[in-house]
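S.K.: Sharing a structure, written as structure tokens. Questions coming.
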Amino acid sequence: MALLSLKDISVAYGKNVVLKNLNLDVEKGELVSLLGPSGCGKTTTLRLIGGFVEAKNGRFVFNGKDYTKIPVHKRNFGFVFQNYALFPHLTVFDNVAFGLKQRNIPKNEIKKRVMEILETVGLKDYADRSPRELSGGQKQRVALARALVIQPDLLLLDEPLSNLDAKLRVKMRLEIRKIQQEYNITAIYVTHDQEECFSISDRVAVMNNGVIEQLDTPQKIYNLPRTEFVANFVGFENFIELELEAKKIDGGFYKLKNSQRFKVTHFNGREDERYVKGAIRPEEIDILNEGGEKETNTLKGIIGISTFLGKHYQYVVETEVGRLLVNGSAHKRYVKGERVTLYFPEDKIVLV
Amino acid sequence: MKKNVYVYLLLLPGLIILLLFLAVPLFSTVFRTFQGDEGLTLTKYIAFFKDSYDRGVYIRTLKLALLTTLIAVILGFPTSYYISRVSRRVRGLYIIFAVFPLLTSPVVRSFSWMVILGKNGIINSTLLKLNLIEEPLRLLYNEFSIVIGLVYLFLPLMIMSLVGVMENIDEDLIEAAESLGATRREVFARVIFPLSIPGLIVGSVLVFTGSITAYTTPQLLGGSNTTVLATLIYQNAMSLFDWDSASVVATIMILTTVFVTFLINKLSSRLNA
Ligand SMILES: Nc1ncnc2c1ncn2[C@@H]1O[C@H](COP(=O)(O)OP(=O)(O)OP(=O)(O)O)[C@@H](O)[C@H]1O
Ligand SMILES: [Mg+2]
């Protein structure tokens, strides 16, 4: 049984329904990320689990117990806020000790545990400082230590790294992951940075408009998205309408709107549907030289606008089934109006 | 560079007015109280504190002002906390309600309390009707009624100061404390209260200064044996034409205010540590 499960949770602010019958299961020791565009309900989901917002309906079960109505202070969940939320009137030590004092733990025990966790996050020498005297990264680590020291049953992090610069973000996310695994803590991590999310998570829940569209490992989300939204979100920028003609053991055969034929070898659960879309990334489409035509999986097109992206050129190509984005080698630049043939490798097309 | 000098000329009119109408009279008032037959002396002050009547007035005024401040703190804290946590629009409305007493003159405000507390006032007539008392209570013209009047008068200042600080306390801090296991009450004691101390200082100083210098309220709601410093100054100056004594009382009032302000500051930073 899952450690945490949200069952048909709905949340609304006034008339504005933000979460719609959301379901989520998280196993013990797992780090699950909530990923999605701004306003999709990530923070709301996290705050619901933390107990800061109430569900309109649905249940939240944790460790076999109904937590739906348990008040925040009885949940024993560590919460790391986007803007750290350190107590400005307390030193680093007292910030970290806050939760322990709340639990009536003896003074010397508190001291031992606080110093231990400060050592873990590399801030042993900063115990007597005020939060004002810390850099962003240090504040973030204090916030993390403060949430960890109470040995929480669940760690909730809301975009904990979004106020840090790019380099520090990479360093801190590795640290968070290391500590989370070391202490074997179950964690839910909100972010809208894909790379951060993929590098840190056991599983990723991609959210859209108050529902979870797909909950999978980072690899699956990246390579085999199951819905158009998820595909688009992870960089599949081309969608081609397909109609199933025949399904065989080694793949499905599809007809395009212009009667061109495509073979698709990836099966991800959508292969029995008659009308689907084939999603493909710009960098997976090949631009063929004259005479390199193949029988299937090609489309003719005319080069439109091109942009230099450093590693390659990106072209807008007009085809009979619509406008596509295609990346080509940086060594050769096709000019506007040039006629080309595009090749869509059968194992690079994902059905959505 | 030279231009900058002229900028200071802009300060001149204000400075002259302040000097002429504030600093000079204040200084001369204070100065003459230390003047004796042969140079500077404290004899007038010693005389003030030796006189049992004057001393009584001084202690009463101090007591009333401190009591008023204390009650304003106790009433103001929860009210301000509540106001600071409601939505911005409702907050504006509450603040208008809170400062409403400030919008009428102290005379009117004191009279309204006379109506409530008087012999045939609302409280007495209600209690009589309910047969809880046999004859009207003496609620008016004593220290009790003065404190009530002063609290009513100055509570808005306390609330404004506290709300000003409390509304800047980030909601995240409260939630962080709760997530660490603090109940609502513990959040108040361990986060809200310590962070509100600057507002508490400002509010207390305003209420205390206002109460110790108040004239109208003690005059209207107090009786013949509840004279306060401000009344004493008035009596000395206007009835007895004893300007020297009036100046002595005024100086004592100023020094006390400065001293207590200093104490409140010290005490508050002690609380904070
Ligand atoms: N306190 C609130 N009152 C009313 N509406 C709110 C409140 N908080 C959030 N919302 C709305 O709920 C929706 C979801 O908000 P939420 O904060 O969960 O998004 P998010 O996924 O965390 O976005 P972001 O990536 O920008 O942080 C948004 O449309 C937002 O406008
Ligand atoms: Mg958010």
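Labels for the structure tokens follow display order: chains A, B, ..., residues from 1 in each chain, ligands from 1.
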Do you know which residues are within 10 Å of ligand 2 using only C-alpha atoms and all ligand atoms? Can you write them as a PyMOL selection string?
M.R.: chain A and resi 36-47+82+158-159+190-192
S.K.: Any idea which chain B residues end up within 7 Å of chain A if we count only C-alpha atoms, as a short mmCIF file (atom, residue, chain, number, x, y, z; two decimals) with N, CA, C and O atoms, in the first residue's frame please?
M.R.:
data_model
loop_
_atom_site.label_atom_id
_atom_site.label_comp_id
_atom_site.auth_asym_id
_atom_site.auth_seq_id
_atom_site.Cartn_x
_atom_site.Cartn_y
_atom_site.Cartn_z
N ASP B 172 3.79 33.07 5.50
CA ASP B 172 4.67 31.89 5.44
C ASP B 172 5.29 31.57 6.80
O ASP B 172 5.49 30.42 7.13
N LEU B 173 5.62 32.61 7.56
CA LEU B 173 6.25 32.39 8.87
C LEU B 173 5.29 31.66 9.79
O LEU B 173 5.66 30.76 10.53
N ALA B 176 5.05 28.16 8.56
CA ALA B 176 6.27 27.42 8.88
C ALA B 176 6.21 26.96 10.34
O ALA B 176 6.50 25.80 10.65
N GLU B 178 3.59 26.51 12.19
CA GLU B 178 2.57 25.47 12.34
C GLU B 178 3.09 24.12 11.86
O GLU B 178 2.86 23.10 12.50
N SER B 179 3.80 24.15 10.73
CA SER B 179 4.29 22.87 10.20
C SER B 179 5.33 22.27 11.13
O SER B 179 5.57 21.08 11.10
N LEU B 180 5.96 23.09 11.95
CA LEU B 180 6.94 22.58 12.90
C LEU B 180 6.29 22.14 14.21
O LEU B 180 6.97 21.81 15.16
N GLY B 181 4.96 22.19 14.26
CA GLY B 181 4.26 21.64 15.41
C GLY B 181 3.65 22.66 16.34
O GLY B 181 3.17 22.29 17.42
N ALA B 182 3.65 23.93 15.99
CA ALA B 182 3.11 24.95 16.88
C ALA B 182 1.60 25.09 16.71
O ALA B 182 1.11 25.14 15.58
N THR B 183 0.87 25.15 17.82
CA THR B 183 -0.55 25.43 17.74
C THR B 183 -0.72 26.93 17.50
O THR B 183 0.23 27.69 17.58
N LEU B 195 7.78 39.37 16.93
CA LEU B 195 7.93 40.20 15.73
C LEU B 195 7.10 41.49 15.81
O LEU B 195 7.29 42.41 15.02
#
S.K.: Set the distance at 10 Å and use only C-alpha atoms: which residues neighbour Thr120 (chain A) once local chain neighbours fewer than 3 positions away are removed? I'd like the list as a CSV table (one decimal) with C-alpha atoms, in the first residue's frame.
M.R.:
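result_2.csv, written as the output of this step:
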chain,number,residue,atom,x,y,z
A,114,VAL,CA,20.6,20.7,15.7
A,115,MET,CA,24.4,20.7,15.4
A,116,GLU,CA,24.3,17.4,13.7
A,117,ILE,CA,21.8,18.5,11.0
A,123,LEU,CA,26.4,25.3,8.2
A,124,LYS,CA,28.0,24.2,11.5
A,141,ARG,CA,20.0,25.1,3.7
A,145,ALA,CA,17.7,21.7,8.1
A,175,GLU,CA,22.5,17.9,-1.9
A,179,ILE,CA,20.1,13.9,2.1
S.K.: For Arg138 (chain B), find every residue with an atom within 9 Å (counting only C-alpha atoms), except residues of its own chain fewer than 5 positions away, and show them as a list in words.
M.R.: Leu117, Gly118, Lys119 and Asn124 of chain B
S.K.: Selection from above, N, CA and C atoms, as a PDB file, in the first residue's frame, can you write it?
M.R.:
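Generated output (result-v1.pdb):
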ATOM      1  N   LEU B 117     -21.819  56.111  31.975  1.00  0.00           N
ATOM      2  CA  LEU B 117     -21.429  55.750  33.341  1.00  0.00           C
ATOM      3  C   LEU B 117     -22.191  56.502  34.431  1.00  0.00           C
ATOM      4  N   GLY B 118     -22.926  57.552  34.051  1.00  0.00           N
ATOM      5  CA  GLY B 118     -23.560  58.433  35.034  1.00  0.00           C
ATOM      6  C   GLY B 118     -24.563  57.743  35.952  1.00  0.00           C
ATOM      7  N   LYS B 119     -25.026  58.533  36.908  1.00  0.00           N
ATOM      8  CA  LYS B 119     -25.950  58.011  37.912  1.00  0.00           C
ATOM      9  C   LYS B 119     -27.191  57.407  37.261  1.00  0.00           C
ATOM     10  N   ASN B 124     -26.040  51.896  34.997  1.00  0.00           N
ATOM     11  CA  ASN B 124     -26.770  51.909  36.266  1.00  0.00           C
ATOM     12  C   ASN B 124     -28.249  51.585  36.092  1.00  0.00           C
TER      13      ASN B 124
END
S.K.: Thr231 (chain B): which residues within 12 Å, counting only C-alpha atoms, same-chain residues fewer than 4 positions away excluded, as a list in words?
M.R.: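 Within the cut-off, the hits are Asp54, Val57, Tyr58, Thr61, Ile212, Thr213, Ala214, Tyr215, Thr216, Thr217, Pro218, Gln219, Leu220, Gly222, Gly223, Ser224, Asn225, Thr226, Thr227, Gln235, Asn236, Ala237, Met238, Ser239, Ala246, Val249, Ala250 and Met253 of chain B.
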S.K.: From the set A:Met1, A:Tyr126, A:Asn209, A:Ile185, which residue has the shortest atom-to-atom contact distance to ligand 1, counting only C-alpha atoms and all ligand atoms?
M.R.: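 Among A:Met1, A:Tyr126, A:Asn209, A:Ile185, it is A:Asn209 that comes nearest to ligand 1.
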S.K.: Report as a tab-separated table (two decimals) with C-alpha atoms, in the first residue's frame all protein, DNA and RNA residues lying within 10 Å of region 163-168 of chain B, evaluated on only C-alpha atoms, omitting residues in the same chain fewer than 3 positions from it.
M.R.:
chain	number	residue	atom	x	y	z
B	76	GLY	CA	-4.96	46.00	21.38
B	77	PHE	CA	-2.94	42.84	20.76
B	79	THR	CA	-7.69	43.00	18.02
B	80	SER	CA	-4.71	44.06	15.93
B	81	TYR	CA	-3.77	40.47	15.20
B	82	TYR	CA	-7.26	39.78	13.97
B	83	ILE	CA	-7.33	42.93	11.83
B	84	SER	CA	-3.92	42.20	10.34
B	85	ARG	CA	-4.99	38.74	9.18
B	86	VAL	CA	-8.25	39.54	7.37
B	88	ARG	CA	-7.00	43.75	2.62
B	91	ARG	CA	-8.93	45.39	6.91
B	95	ILE	CA	-9.22	50.24	10.65
B	157	LEU	CA	-3.14	54.57	18.48
B	158	MET	CA	-2.08	51.21	19.91
B	159	ILE	CA	-4.09	49.33	17.30
B	160	MET	CA	-2.70	51.39	14.43
B	171	GLU	CA	1.93	34.39	6.33
B	192	ILE	CA	3.81	36.91	16.19
B	193	PHE	CA	4.52	38.45	19.57
B	195	LEU	CA	7.93	40.20	15.73
B	196	SER	CA	5.32	42.73	16.89
B	197	ILE	CA	7.54	44.29	19.52
B	198	PRO	CA	8.52	47.34	17.44
B	199	GLY	CA	4.81	48.16	17.07
B	200	LEU	CA	4.31	47.51	20.75
S.K.: Would you list the contacts of region 277-283 of chain A as an NGL selection string, taking every protein, DNA or RNA residue within 9 Å and counting only C-alpha atoms, but skipping same-chain residues closer than 3 positions in sequence?
M.R.: :A and (228 or 231-232 or 235-243 or 264 or 286 or 314-315 or 324-328 or 344 or 348-352)
S.K.: Using only N, CA and C atoms, please write the residues we just selected to a file, as a PDB file, in the first residue's frame.
M.R.:
ATOM      1  N   GLU A 228      -0.915  14.564 -25.260  1.00  0.00           N
ATOM      2  CA  GLU A 228      -0.378  15.645 -26.081  1.00  0.00           C
ATOM      3  C   GLU A 228       0.230  16.738 -25.200  1.00  0.00           C
ATOM      4  N   ALA A 231       3.576  15.547 -23.869  1.00  0.00           N
ATOM      5  CA  ALA A 231       4.527  15.507 -24.976  1.00  0.00           C
ATOM      6  C   ALA A 231       5.006  16.917 -25.295  1.00  0.00           C
ATOM      7  N   ASN A 232       4.068  17.809 -25.418  1.00  0.00           N
ATOM      8  CA  ASN A 232       4.405  19.191 -25.723  1.00  0.00           C
ATOM      9  C   ASN A 232       5.295  19.779 -24.634  1.00  0.00           C
ATOM     10  N   GLY A 235       8.918  18.776 -24.854  1.00  0.00           N
ATOM     11  CA  GLY A 235       9.682  19.165 -26.041  1.00  0.00           C
ATOM     12  C   GLY A 235       9.316  18.491 -27.342  1.00  0.00           C
ATOM     13  N   PHE A 236       8.219  17.741 -27.348  1.00  0.00           N
ATOM     14  CA  PHE A 236       7.743  17.219 -28.635  1.00  0.00           C
ATOM     15  C   PHE A 236       6.934  18.342 -29.270  1.00  0.00           C
ATOM     16  N   GLU A 237       7.541  18.994 -30.265  1.00  0.00           N
ATOM     17  CA  GLU A 237       6.868  20.198 -30.752  1.00  0.00           C
ATOM     18  C   GLU A 237       6.045  19.960 -32.007  1.00  0.00           C
ATOM     19  N   ASN A 238       6.184  18.761 -32.581  1.00  0.00           N
ATOM     20  CA  ASN A 238       5.430  18.478 -33.799  1.00  0.00           C
ATOM     21  C   ASN A 238       4.382  17.401 -33.556  1.00  0.00           C
ATOM     22  N   PHE A 239       3.170  17.676 -33.990  1.00  0.00           N
ATOM     23  CA  PHE A 239       2.088  16.711 -33.836  1.00  0.00           C
ATOM     24  C   PHE A 239       1.451  16.483 -35.202  1.00  0.00           C
ATOM     25  N   ILE A 240       1.443  15.209 -35.634  1.00  0.00           N
ATOM     26  CA  ILE A 240       0.906  14.894 -36.950  1.00  0.00           C
ATOM     27  C   ILE A 240      -0.279  13.949 -36.780  1.00  0.00           C
ATOM     28  N   GLU A 241      -1.407  14.302 -37.380  1.00  0.00           N
ATOM     29  CA  GLU A 241      -2.603  13.463 -37.228  1.00  0.00           C
ATOM     30  C   GLU A 241      -2.444  12.168 -38.006  1.00  0.00           C
ATOM     31  N   LEU A 242      -2.745  11.042 -37.353  1.00  0.00           N
ATOM     32  CA  LEU A 242      -2.557   9.728 -37.957  1.00  0.00           C
ATOM     33  C   LEU A 242      -3.847   8.923 -37.870  1.00  0.00           C
ATOM     34  N   GLU A 243      -4.045   8.052 -38.877  1.00  0.00           N
ATOM     35  CA  GLU A 243      -5.183   7.146 -38.834  1.00  0.00           C
ATOM     36  C   GLU A 243      -4.662   5.722 -38.981  1.00  0.00           C
ATOM     37  N   VAL A 264       5.075   3.230 -37.094  1.00  0.00           N
ATOM     38  CA  VAL A 264       5.457   3.630 -35.742  1.00  0.00           C
ATOM     39  C   VAL A 264       5.746   2.380 -34.933  1.00  0.00           C
ATOM     40  N   ASP A 286      14.904  14.029 -39.649  1.00  0.00           N
ATOM     41  CA  ASP A 286      16.072  14.189 -40.523  1.00  0.00           C
ATOM     42  C   ASP A 286      15.681  14.915 -41.802  1.00  0.00           C
ATOM     43  N   GLN A 314      17.397  25.788 -36.643  1.00  0.00           N
ATOM     44  CA  GLN A 314      16.029  25.299 -36.546  1.00  0.00           C
ATOM     45  C   GLN A 314      15.209  25.926 -37.674  1.00  0.00           C
ATOM     46  N   TYR A 315      14.510  25.056 -38.408  1.00  0.00           N
ATOM     47  CA  TYR A 315      13.729  25.527 -39.546  1.00  0.00           C
ATOM     48  C   TYR A 315      12.236  25.361 -39.288  1.00  0.00           C
ATOM     49  N   LEU A 324       5.908  22.383 -39.556  1.00  0.00           N
ATOM     50  CA  LEU A 324       6.678  21.579 -38.608  1.00  0.00           C
ATOM     51  C   LEU A 324       7.963  22.304 -38.224  1.00  0.00           C
ATOM     52  N   LEU A 325       8.465  21.985 -37.038  1.00  0.00           N
ATOM     53  CA  LEU A 325       9.756  22.510 -36.603  1.00  0.00           C
ATOM     54  C   LEU A 325      10.784  21.400 -36.755  1.00  0.00           C
ATOM     55  N   VAL A 326      11.885  21.711 -37.425  1.00  0.00           N
ATOM     56  CA  VAL A 326      12.897  20.697 -37.698  1.00  0.00           C
ATOM     57  C   VAL A 326      14.271  21.276 -37.400  1.00  0.00           C
ATOM     58  N   ASN A 327      15.103  20.500 -36.707  1.00  0.00           N
ATOM     59  CA  ASN A 327      16.475  20.950 -36.479  1.00  0.00           C
ATOM     60  C   ASN A 327      17.402  20.322 -37.509  1.00  0.00           C
ATOM     61  N   GLY A 328      18.314  21.124 -38.042  1.00  0.00           N
ATOM     62  CA  GLY A 328      19.274  20.606 -39.004  1.00  0.00           C
ATOM     63  C   GLY A 328      20.692  20.931 -38.570  1.00  0.00           C
ATOM     64  N   PHE A 344      10.996  10.825 -40.791  1.00  0.00           N
ATOM     65  CA  PHE A 344      10.572  10.670 -39.401  1.00  0.00           C
ATOM     66  C   PHE A 344      10.877   9.242 -38.952  1.00  0.00           C
ATOM     67  N   LYS A 348      11.103   6.991 -33.362  1.00  0.00           N
ATOM     68  CA  LYS A 348      11.154   8.275 -32.661  1.00  0.00           C
ATOM     69  C   LYS A 348       9.783   8.936 -32.567  1.00  0.00           C
ATOM     70  N   ILE A 349       8.788   8.285 -33.134  1.00  0.00           N
ATOM     71  CA  ILE A 349       7.443   8.860 -33.102  1.00  0.00           C
ATOM     72  C   ILE A 349       6.683   8.280 -31.918  1.00  0.00           C
ATOM     73  N   VAL A 350       6.070   9.156 -31.143  1.00  0.00           N
ATOM     74  CA  VAL A 350       5.306   8.710 -29.976  1.00  0.00           C
ATOM     75  C   VAL A 350       3.835   9.012 -30.217  1.00  0.00           C
ATOM     76  N   LEU A 351       3.000   8.004 -29.962  1.00  0.00           N
ATOM     77  CA  LEU A 351       1.563   8.204 -30.173  1.00  0.00           C
ATOM     78  C   LEU A 351       0.926   8.886 -28.964  1.00  0.00           C
ATOM     79  N   VAL A 352       0.173   9.926 -29.230  1.00  0.00           N
ATOM     80  CA  VAL A 352      -0.518  10.602 -28.111  1.00  0.00           C
ATOM     81  C   VAL A 352      -1.973  10.831 -28.480  1.00  0.00           C
TER      82      VAL A 352
END
S.K.: Out of region 34-116 of chain A, which residues get alpha helix (DSSP H) from DSSP, as a ChimeraX atom specification?
M.R.: /A:42-50,92-102,107-116
S.K.: Mind writing the picked residues with N, CA and C atoms as a JSON list (two decimals), in the first residue's frame?
M.R.:
[["chain", "number", "residue", "atom", "x", "y", "z"],
["A", 42, "LYS", "N", 0.16, 23.09, -8.64],
["A", 42, "LYS", "CA", 1.21, 22.36, -7.92],
["A", 42, "LYS", "C", 1.27, 22.78, -6.45],
["A", 43, "THR", "N", 1.37, 24.09, -6.24],
["A", 43, "THR", "CA", 1.45, 24.59, -4.87],
["A", 43, "THR", "C", 0.20, 24.20, -4.09],
["A", 44, "THR", "N", -0.94, 24.31, -4.74],
["A", 44, "THR", "CA", -2.19, 23.97, -4.06],
["A", 44, "THR", "C", -2.18, 22.50, -3.61],
["A", 45, "THR", "N", -1.69, 21.61, -4.46],
["A", 45, "THR", "CA", -1.60, 20.20, -4.10],
["A", 45, "THR", "C", -0.71, 20.02, -2.87],
["A", 46, "LEU", "N", 0.44, 20.69, -2.91],
["A", 46, "LEU", "CA", 1.39, 20.58, -1.80],
["A", 46, "LEU", "C", 0.80, 21.13, -0.51],
["A", 47, "ARG", "N", 0.11, 22.26, -0.63],
["A", 47, "ARG", "CA", -0.47, 22.89, 0.56],
["A", 47, "ARG", "C", -1.63, 22.06, 1.10],
["A", 48, "LEU", "N", -2.30, 21.36, 0.22],
["A", 48, "LEU", "CA", -3.36, 20.48, 0.68],
["A", 48, "LEU", "C", -2.75, 19.35, 1.52],
["A", 49, "ILE", "N", -1.66, 18.76, 1.01],
["A", 49, "ILE", "CA", -1.01, 17.68, 1.75],
["A", 49, "ILE", "C", -0.48, 18.21, 3.09],
["A", 50, "GLY", "N", 0.06, 19.43, 3.06],
["A", 50, "GLY", "CA", 0.58, 20.03, 4.29],
["A", 50, "GLY", "C", -0.52, 20.41, 5.27],
["A", 92, "VAL", "N", 20.18, 31.18, 13.46],
["A", 92, "VAL", "CA", 20.13, 29.95, 12.68],
["A", 92, "VAL", "C", 19.85, 28.76, 13.60],
["A", 93, "PHE", "N", 20.58, 28.71, 14.71],
["A", 93, "PHE", "CA", 20.39, 27.61, 15.66],
["A", 93, "PHE", "C", 18.94, 27.54, 16.13],
["A", 94, "ASP", "N", 18.41, 28.69, 16.57],
["A", 94, "ASP", "CA", 17.05, 28.69, 17.11],
["A", 94, "ASP", "C", 16.00, 28.42, 16.04],
["A", 95, "ASN", "N", 16.28, 28.84, 14.82],
["A", 95, "ASN", "CA", 15.38, 28.50, 13.72],
["A", 95, "ASN", "C", 15.28, 26.98, 13.58],
["A", 96, "VAL", "N", 16.44, 26.34, 13.57],
["A", 96, "VAL", "CA", 16.45, 24.90, 13.38],
["A", 96, "VAL", "C", 15.87, 24.19, 14.62],
["A", 97, "ALA", "N", 16.11, 24.79, 15.79],
["A", 97, "ALA", "CA", 15.64, 24.15, 17.02],
["A", 97, "ALA", "C", 14.14, 24.34, 17.26],
["A", 98, "PHE", "N", 13.52, 25.22, 16.48],
["A", 98, "PHE", "CA", 12.11, 25.59, 16.72],
["A", 98, "PHE", "C", 11.21, 24.37, 16.89],
["A", 99, "GLY", "N", 11.26, 23.47, 15.95],
["A", 99, "GLY", "CA", 10.38, 22.30, 15.97],
["A", 99, "GLY", "C", 10.70, 21.36, 17.12],
["A", 100, "LEU", "N", 11.97, 21.30, 17.49],
["A", 100, "LEU", "CA", 12.36, 20.39, 18.58],
["A", 100, "LEU", "C", 11.88, 20.93, 19.92],
["A", 101, "LYS", "N", 12.00, 22.25, 20.10],
["A", 101, "LYS", "CA", 11.52, 22.86, 21.34],
["A", 101, "LYS", "C", 10.03, 22.62, 21.47],
["A", 102, "GLN", "N", 9.35, 22.66, 20.34],
["A", 102, "GLN", "CA", 7.92, 22.43, 20.31],
["A", 102, "GLN", "C", 7.58, 21.02, 20.81],
["A", 107, "LYS", "N", 17.17, 19.89, 26.49],
["A", 107, "LYS", "CA", 18.04, 20.89, 25.89],
["A", 107, "LYS", "C", 19.29, 20.33, 25.23],
["A", 108, "ASN", "N", 19.96, 19.42, 25.94],
["A", 108, "ASN", "CA", 21.23, 18.92, 25.37],
["A", 108, "ASN", "C", 20.99, 18.04, 24.14],
["A", 109, "GLU", "N", 19.86, 17.36, 24.16],
["A", 109, "GLU", "CA", 19.46, 16.55, 23.00],
["A", 109, "GLU", "C", 19.19, 17.46, 21.79],
["A", 110, "ILE", "N", 18.48, 18.58, 22.07],
["A", 110, "ILE", "CA", 18.20, 19.56, 21.01],
["A", 110, "ILE", "C", 19.51, 20.03, 20.40],
["A", 111, "LYS", "N", 20.43, 20.41, 21.29],
["A", 111, "LYS", "CA", 21.70, 20.95, 20.83],
["A", 111, "LYS", "C", 22.42, 19.94, 19.94],
["A", 112, "LYS", "N", 22.41, 18.70, 20.38],
["A", 112, "LYS", "CA", 23.11, 17.65, 19.64],
["A", 112, "LYS", "C", 22.49, 17.49, 18.24],
["A", 113, "ARG", "N", 21.16, 17.42, 18.22],
["A", 113, "ARG", "CA", 20.51, 17.17, 16.94],
["A", 113, "ARG", "C", 20.62, 18.35, 15.99],
["A", 114, "VAL", "N", 20.51, 19.57, 16.53],
["A", 114, "VAL", "CA", 20.62, 20.75, 15.67],
["A", 114, "VAL", "C", 22.02, 20.83, 15.06],
["A", 115, "MET", "N", 23.04, 20.63, 15.91],
["A", 115, "MET", "CA", 24.40, 20.73, 15.40],
["A", 115, "MET", "C", 24.68, 19.64, 14.36],
["A", 116, "GLU", "N", 24.10, 18.47, 14.60],
["A", 116, "GLU", "CA", 24.27, 17.37, 13.67],
["A", 116, "GLU", "C", 23.72, 17.72, 12.28]]
S.K.: Identify which of the residues A:Leu3, A:Leu256, A:Leu164, A:Val61 lies closest to Gly137 (chain A), counting only C-alpha atoms when measuring atom-to-atom distances.
M.R.: A:Leu164
S.K.: Between A:Ser199, A:Ser329, A:Asn23, A:Gln194, which one has atoms that come closest to Thr307 (chain A), using only C-alpha atoms?
M.R.: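 The answer is A:Ser329, which sits nearest to Thr307 (chain A).
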S.K.: Would you please work out which residue, of A:Glu27, A:Glu54, A:Glu295, A:Asp272, is nearest to ligand 1 when using only C-alpha atoms and all ligand atoms?
M.R.: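 Looking at the shortest contact to ligand 1, the residue is A:Glu54.
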S.K.: When you count only C-alpha atoms and all ligand atoms, which of these residues is closest to ligand 1: B:Ser145, B:Ser110, B:Ser269, B:Ser87?
M.R.: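 Closest to ligand 1 of all the choices is B:Ser87.
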S.K.: Rank nothing, just name the residue among A:Thr68, A:Ile302, A:His266, A:Arg173 nearest to Val335 (chain A), using only C-alpha atoms.
M.R.: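 Nearest to Val335 (chain A): A:Ile302.
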